[in-house]
>>> print(open('model_0.cif').read())   # mmCIF, C-alpha atoms
data_input
#
loop_
_atom_site.label_atom_id
_atom_site.label_comp_id
_atom_site.auth_asym_id
_atom_site.auth_seq_id
_atom_site.Cartn_x
_atom_site.Cartn_y
_atom_site.Cartn_z
CA GLN A 23 -44.69 -3.67 69.84
CA LYS A 24 -43.22 -1.72 66.95
CA GLU A 25 -40.08 -0.13 68.29
CA VAL A 26 -37.33 2.11 67.05
CA GLU A 27 -34.30 2.34 69.29
CA GLN A 28 -31.62 5.01 69.31
CA ASN A 29 -28.81 5.83 71.68
CA SER A 30 -29.97 9.07 73.29
CA GLY A 31 -26.43 10.40 73.59
CA PRO A 32 -25.26 13.02 73.89
CA LEU A 33 -22.75 12.26 71.18
CA SER A 34 -19.92 14.73 71.05
CA VAL A 35 -17.45 14.98 68.15
CA PRO A 36 -14.84 17.57 67.22
CA GLU A 37 -15.35 19.78 64.21
CA GLY A 38 -14.26 18.03 61.01
CA ALA A 39 -14.74 14.51 62.39
CA ILE A 40 -17.23 11.87 61.29
CA ALA A 41 -20.35 11.56 63.42
CA SER A 42 -22.01 8.14 63.43
CA LEU A 43 -25.63 7.81 64.53
CA ASN A 44 -27.27 4.43 64.92
CA CYS A 45 -30.80 3.07 64.98
CA THR A 46 -32.34 -0.39 65.30
CA TYR A 47 -35.92 -1.38 64.60
CA SER A 48 -38.09 -4.32 65.58
CA ASP A 49 -40.27 -5.10 62.54
CA ARG A 50 -38.41 -7.14 59.96
CA GLY A 51 -41.03 -6.23 57.34
CA SER A 52 -40.24 -2.49 57.41
CA GLN A 53 -39.32 -1.07 54.01
CA SER A 54 -38.79 2.67 54.41
CA PHE A 55 -36.45 4.53 56.72
CA PHE A 56 -35.90 8.22 57.35
CA TRP A 57 -33.56 10.50 59.25
CA TYR A 58 -34.83 13.82 60.57
CA ARG A 59 -32.79 16.62 62.09
CA GLN A 60 -34.36 18.67 64.88
CA TYR A 61 -32.77 21.81 66.22
CA SER A 62 -33.64 22.79 69.76
CA GLY A 63 -37.14 24.27 69.93
CA LYS A 64 -37.79 23.62 66.25
CA SER A 65 -39.69 21.00 64.29
CA PRO A 66 -38.04 18.00 62.60
CA GLU A 67 -36.81 18.37 59.02
CA LEU A 68 -36.21 15.46 56.69
CA ILE A 69 -32.57 15.02 55.71
CA MET A 70 -32.32 11.48 54.34
CA SER A 71 -34.48 8.57 53.25
CA ILE A 72 -33.33 5.05 52.40
CA TYR A 73 -35.19 2.01 51.14
CA SER A 74 -32.59 -0.52 49.93
CA ASN A 75 -29.75 -2.29 51.64
CA GLY A 76 -26.45 -0.48 51.34
CA ASP A 77 -25.37 3.12 51.39
CA LYS A 78 -27.03 6.28 50.13
CA GLU A 79 -25.01 9.47 49.98
CA ASP A 80 -26.20 13.07 49.86
CA GLY A 81 -23.48 15.66 50.30
CA ARG A 82 -21.86 15.17 53.71
CA PHE A 83 -24.58 12.72 54.79
CA THR A 84 -24.57 8.96 54.21
CA ALA A 85 -27.41 6.69 55.28
CA GLN A 86 -26.66 3.00 55.66
CA LEU A 87 -29.26 0.23 55.81
CA ASN A 88 -28.87 -3.42 56.77
CA LYS A 89 -32.26 -5.11 56.76
CA ALA A 90 -30.89 -8.47 57.86
CA SER A 91 -29.57 -6.88 61.05
CA GLN A 92 -32.51 -4.45 61.28
CA TYR A 93 -30.10 -1.59 61.54
CA VAL A 94 -29.94 1.84 59.95
CA SER A 95 -27.28 4.47 60.50
CA LEU A 96 -26.43 8.03 59.53
CA LEU A 97 -22.87 9.22 58.98
CA ILE A 98 -22.06 12.92 58.89
CA ARG A 99 -18.67 13.65 57.37
CA ASP A 100 -16.69 16.82 58.09
CA SER A 101 -19.02 17.63 61.00
CA GLN A 102 -19.73 21.31 61.57
CA PRO A 103 -21.01 23.12 64.68
CA SER A 104 -24.20 23.80 62.68
CA ASP A 105 -24.81 20.02 62.66
CA SER A 106 -25.39 20.14 66.42
CA ALA A 107 -28.98 18.97 66.80
CA THR A 108 -31.07 15.95 67.73
CA TYR A 109 -31.33 13.33 64.99
CA LEU A 110 -34.51 11.27 64.83
CA CYS A 111 -34.68 7.89 63.16
CA ALA A 112 -38.09 7.01 61.68
CA VAL A 113 -39.31 3.68 60.33
CA ILE A 114 -42.42 2.97 58.28
CA TYR A 115 -44.55 0.04 59.36
CA ASN A 116 -47.48 -1.32 57.32
CA ASN A 117 -46.80 1.16 54.51
CA ASN A 118 -48.15 4.24 56.32
CA ASP A 119 -47.50 3.97 60.04
CA MET A 120 -44.34 5.96 60.88
CA ARG A 121 -42.62 5.31 64.20
CA PHE A 122 -39.90 7.51 65.62
CA GLY A 123 -36.96 6.81 67.86
CA ALA A 124 -36.33 9.07 70.83
CA GLY A 125 -33.46 10.76 69.00
CA THR A 126 -29.73 11.13 69.47
CA ARG A 127 -28.40 14.51 70.53
CA LEU A 128 -25.25 15.44 68.62
CA THR A 129 -22.85 18.17 69.67
CA VAL A 130 -20.05 19.24 67.32
CA LYS A 131 -17.35 21.13 69.19
CA PRO A 132 -15.34 23.83 67.37
CA ASP B 5 -44.86 28.32 49.01
CA GLY B 6 -46.53 25.11 50.09
CA GLY B 7 -46.30 24.11 53.71
CA ILE B 8 -47.96 23.49 57.04
CA THR B 9 -48.88 26.34 59.34
CA GLN B 10 -49.39 25.77 63.03
CA SER B 11 -50.75 28.44 65.33
CA PRO B 12 -50.24 29.78 67.84
CA LYS B 13 -46.53 29.24 68.35
CA TYR B 14 -46.91 29.52 72.12
CA LEU B 15 -50.06 28.80 74.11
CA PHE B 16 -50.80 29.00 77.80
CA ARG B 17 -53.63 27.04 79.34
CA LYS B 18 -55.20 27.42 82.73
CA GLU B 19 -56.22 24.41 84.73
CA GLY B 20 -59.58 23.02 83.58
CA GLN B 21 -59.57 24.91 80.31
CA ASN B 22 -59.95 23.50 76.79
CA VAL B 23 -57.64 24.91 74.13
CA THR B 24 -57.47 24.35 70.38
CA LEU B 25 -54.31 24.16 68.31
CA SER B 26 -54.59 25.05 64.65
CA CYS B 27 -52.97 23.15 61.77
CA GLU B 28 -53.46 24.19 58.13
CA GLN B 29 -51.69 22.80 55.05
CA ASN B 30 -51.69 23.82 51.39
CA LEU B 31 -49.72 20.83 50.12
CA ASN B 32 -52.83 19.00 48.95
CA HIS B 33 -51.91 16.15 51.27
CA ASP B 34 -54.64 13.75 52.28
CA ALA B 35 -53.10 12.44 55.50
CA MET B 36 -52.52 14.60 58.57
CA TYR B 37 -51.10 13.75 61.98
CA TRP B 38 -50.73 15.18 65.46
CA TYR B 39 -47.74 14.31 67.63
CA ARG B 40 -46.71 15.27 71.11
CA GLN B 41 -43.05 15.64 72.09
CA ASP B 42 -41.86 15.88 75.69
CA PRO B 43 -38.33 17.01 76.60
CA GLY B 44 -35.74 14.38 75.72
CA GLN B 45 -38.36 12.07 74.27
CA GLY B 46 -39.44 11.01 70.85
CA LEU B 47 -42.66 11.81 69.05
CA ARG B 48 -45.84 10.13 70.25
CA LEU B 49 -48.86 9.90 67.97
CA ILE B 50 -52.07 11.47 69.26
CA TYR B 51 -54.47 11.30 66.30
CA TYR B 52 -54.26 10.90 62.56
CA SER B 53 -56.57 11.35 59.61
CA GLN B 54 -56.16 9.87 56.16
CA ILE B 55 -59.23 11.45 54.52
CA VAL B 56 -61.76 14.17 55.24
CA ASN B 57 -64.37 13.36 57.89
CA ASP B 58 -62.38 10.38 59.14
CA PHE B 59 -59.74 10.11 61.86
CA GLN B 60 -58.24 7.47 64.16
CA LYS B 61 -56.76 7.48 67.63
CA GLY B 62 -53.04 7.13 68.01
CA ASP B 63 -51.11 5.85 71.00
CA ILE B 64 -52.00 8.67 73.43
CA ALA B 65 -55.44 9.99 72.37
CA GLU B 66 -56.95 10.27 75.85
CA GLY B 67 -57.72 13.89 76.74
CA TYR B 68 -57.52 15.08 73.12
CA SER B 69 -60.04 15.51 70.31
CA VAL B 70 -59.77 16.37 66.62
CA SER B 71 -61.92 17.14 63.59
CA ARG B 72 -61.28 16.92 59.86
CA GLU B 73 -64.01 18.87 58.11
CA LYS B 74 -61.71 20.17 55.38
CA LYS B 75 -58.74 18.57 53.65
CA GLU B 76 -56.55 21.54 54.56
CA SER B 77 -57.34 21.70 58.26
CA PHE B 78 -56.83 19.34 61.21
CA PRO B 79 -57.32 21.18 64.53
CA LEU B 80 -56.44 19.54 67.84
CA THR B 81 -58.33 20.31 71.05
CA VAL B 82 -56.58 19.66 74.33
CA THR B 83 -59.37 19.09 76.83
CA SER B 84 -59.40 19.50 80.58
CA ALA B 85 -59.27 15.70 80.81
CA GLN B 86 -55.63 15.81 79.67
CA LYS B 87 -53.89 16.07 83.03
CA ASN B 88 -50.37 16.75 81.81
CA PRO B 89 -50.69 18.78 78.60
CA THR B 90 -47.45 20.77 78.82
CA ALA B 91 -45.50 19.68 75.73
CA PHE B 92 -44.44 20.58 72.19
CA TYR B 93 -47.18 19.70 69.70
CA LEU B 94 -46.32 18.91 66.10
CA CYS B 95 -48.65 18.61 63.14
CA ALA B 96 -47.51 16.70 60.05
CA SER B 97 -48.90 15.67 56.68
CA SER B 98 -48.14 13.26 53.87
CA PRO B 99 -49.67 12.29 50.53
CA TYR B 100 -52.32 9.58 50.88
CA ARG B 101 -50.71 6.14 51.11
CA GLN B 102 -47.37 7.66 50.09
CA THR B 103 -45.82 8.09 53.50
CA ALA B 104 -43.40 5.28 52.73
CA ASN B 105 -42.11 7.18 49.71
CA TYR B 106 -42.15 10.76 50.97
CA GLY B 107 -42.10 10.74 54.75
CA TYR B 108 -43.79 13.54 56.63
CA THR B 109 -43.75 17.31 56.29
CA PHE B 110 -43.93 18.97 59.70
CA GLY B 111 -45.34 22.29 60.83
CA SER B 112 -43.29 24.56 63.08
CA GLY B 113 -45.00 23.36 66.25
CA THR B 114 -47.00 24.80 69.15
CA ARG B 115 -45.54 24.90 72.62
CA LEU B 116 -48.31 24.48 75.19
CA THR B 117 -47.76 25.34 78.84
CA VAL B 118 -50.15 24.94 81.74
CA VAL B 119 -50.15 27.94 84.07
#
>>> encode(input="model_0.cif", output="structure tokens")
Amino acid sequence: QKEVEQNSGPLSVPEGAIASLNCTYSDRGSQSFFWYRQYSGKSPELIMSIYSNGDKEDGRFTAQLNKASQYVSLLIRDSQPSDSATYLCAVIYNNNDMRFGAGTRLTVKP
Amino acid sequence: DGGITQSPKYLFRKEGQNVTLSCEQNLNHDAMYWYRQDPGQGLRLIYYSQIVNDFQKGDIAEGYSVSREKKESFPLTVTSAQKNPTAFYLCASSPYRQTANYGYTFGSGTRLTVV
């Protein structure tokens, strides 16, 4: 079974803090990993992709990948109320099969 | 602007009725996908198509049907055999065999409710 696991939350952080979202996956052979943001009632939008071990930064977002531990995370620095959303972790299996976690709901409190 | 258009945004279905959800893309993507999302849950794959005139069942295909007569279009029919169709339906696309590099582009979704 190809699984992607996320803590469903809700995760609540104060404005300006760092939000840390975590994801584990079951297939050691996975090579591509994505984070999507989904606002309530809207469709997911791609915010980060990562393929190599280590960190990848894009503005206030940092994706971290550890293939040995089968773990991928998303850090959001200087969290804003507009970051309040559900964050979906997605993992590519067999080059084209994308599997999604159930998502972590983040609330940033002013 | 390139993108994926789903219609209608909201759809109401009576018991025993078939309904069709539209998905059209102008991104020149070969692969298209249909997902279902229930409240508080992740995305579950219904059907996918990697080329015209070919499609495969996903994890929850029972009660659904699709066609792929044109590259741009991938309509989903929710049949009366689908006993619990109330959900948010998402269509997505990606370049052929490039999902690992580009991920998916999603449409805006159709919210289906049984009345």
>>> closest_residue(input="model_0.cif", among="B:Leu47, B:Ala65, B:Val70, B:Ala35", to="chain A", atoms="all atoms listed in the file")
B:Leu47
>>> resolve_selection(input="model_0.cif", expression="the PyMOL selection byres ((chain B) within 6 of (chain A))", output="list of chain:residue names")
B:Gln45, B:Gly46, B:Thr103, B:Ala104, B:Ser112
>>> residues_around(input="model_0.cif", residues="Gly62 of chain B", least_positions_apart="2", cutoff="10 Å", atoms="all atoms listed in the file", output="tab-separated table (two decimals) with C-alpha atoms, keeping the file's coordinate frame")
chain	number	residue	atom	x	y	z
B	37	TYR	CA	-51.10	13.75	61.98
B	38	TRP	CA	-50.73	15.18	65.46
B	39	TYR	CA	-47.74	14.31	67.63
B	48	ARG	CA	-45.84	10.13	70.25
B	49	LEU	CA	-48.86	9.90	67.97
B	50	ILE	CA	-52.07	11.47	69.26
B	51	TYR	CA	-54.47	11.30	66.30
B	52	TYR	CA	-54.26	10.90	62.56
B	59	PHE	CA	-59.74	10.11	61.86
B	60	GLN	CA	-58.24	7.47	64.16
B	64	ILE	CA	-52.00	8.67	73.43
B	65	ALA	CA	-55.44	9.99	72.37
B	66	GLU	CA	-56.95	10.27	75.85
>>> atom_distance(input="model_0.cif", atom1="atom CA of Glu37 of chain A", atom2="atom CA of Ala107 of chain A")
13.9 Å
>>> residues_around(input="model_0.cif", residues="Glu76 of chain B", least_positions_apart="3", cutoff="8 Å", atoms="all atoms listed in the file", output="VMD selection string")
chain B and resid 28 to 30 32 to 33
>>> atom_distance(input="model_0.cif", atom1="atom CA of Tyr93 of chain A", atom2="atom CA of Ser53 of chain B")
29.5 Å
>>> atom_distance(input="model_0.cif", atom1="atom CA of Leu15 of chain B", atom2="atom CA of Ser71 of chain B")
19.7 Å
>>> closest_residue(input="model_0.cif", among="A:Tyr109, A:Pro132, A:Asp80, A:Ser101", to="Pro32 of chain A", atoms="all atoms listed in the file")
A:Tyr109
>>> residues_around(input="model_0.cif", residues="Phe92 of chain B", least_positions_apart="4", cutoff="6 Å", atoms="only C-alpha atoms", output="mmCIF file with C-alpha atoms, keeping the file's coordinate frame")
data_model
loop_
_atom_site.group_PDB
_atom_site.id
_atom_site.type_symbol
_atom_site.label_atom_id
_atom_site.label_comp_id
_atom_site.auth_asym_id
_atom_site.auth_seq_id
_atom_site.Cartn_x
_atom_site.Cartn_y
_atom_site.Cartn_z
ATOM 1 C CA ARG B 40 -46.710 15.270 71.110
ATOM 2 C CA GLN B 41 -43.050 15.640 72.090
ATOM 3 C CA THR B 114 -47.000 24.800 69.150
ATOM 4 C CA ARG B 115 -45.540 24.900 72.620
#
>>> resolve_selection(input="model_0.cif", expression="the PyMOL selection byres ((chain A and resi 130) around 12)", output="list in words")
Pro32, Leu33, Ser34, Val35, Pro36, Glu37, Gly38, Ala39, Ile40, Ala41, Ser42, Ile98, Arg99, Asp100, Ser101, Gln102, Pro103, Ser104, Asp105, Ser106, Ala107, Thr108, Arg127, Leu128, Thr129, Lys131 and Pro132 of chain A
>>> residues_around(input="model_0.cif", residues="Glu79 of chain A", least_positions_apart="2", cutoff="12 Å", atoms="all atoms listed in the file", output="count of residues only")
18
>>> resolve_selection(input="model_0.cif", expression="the PyMOL selection byres ((chain B and resi 8) around 9)", output="JSON, numbers by chain")
{"B": [6, 7, 9, 10, 27, 28, 29, 30, 31, 95, 96, 97, 109, 110, 111, 112]}
>>> closest_residue(input="model_0.cif", among="B:Asp42, B:Thr81, B:Asp34, B:Arg17", to="Pro99 of chain B", atoms="all atoms listed in the file")
B:Asp34
>>> axis_aligned_box(input="model_0.cif", around="segment 125-131 of chain A", padding_each_side="8 Å", output="lines of an AutoDock Vina configuration file")
center_x = -25.4
center_y = 15.9
center_z = 68.9
size_x = 32.1
size_y = 26.4
size_z = 19.2
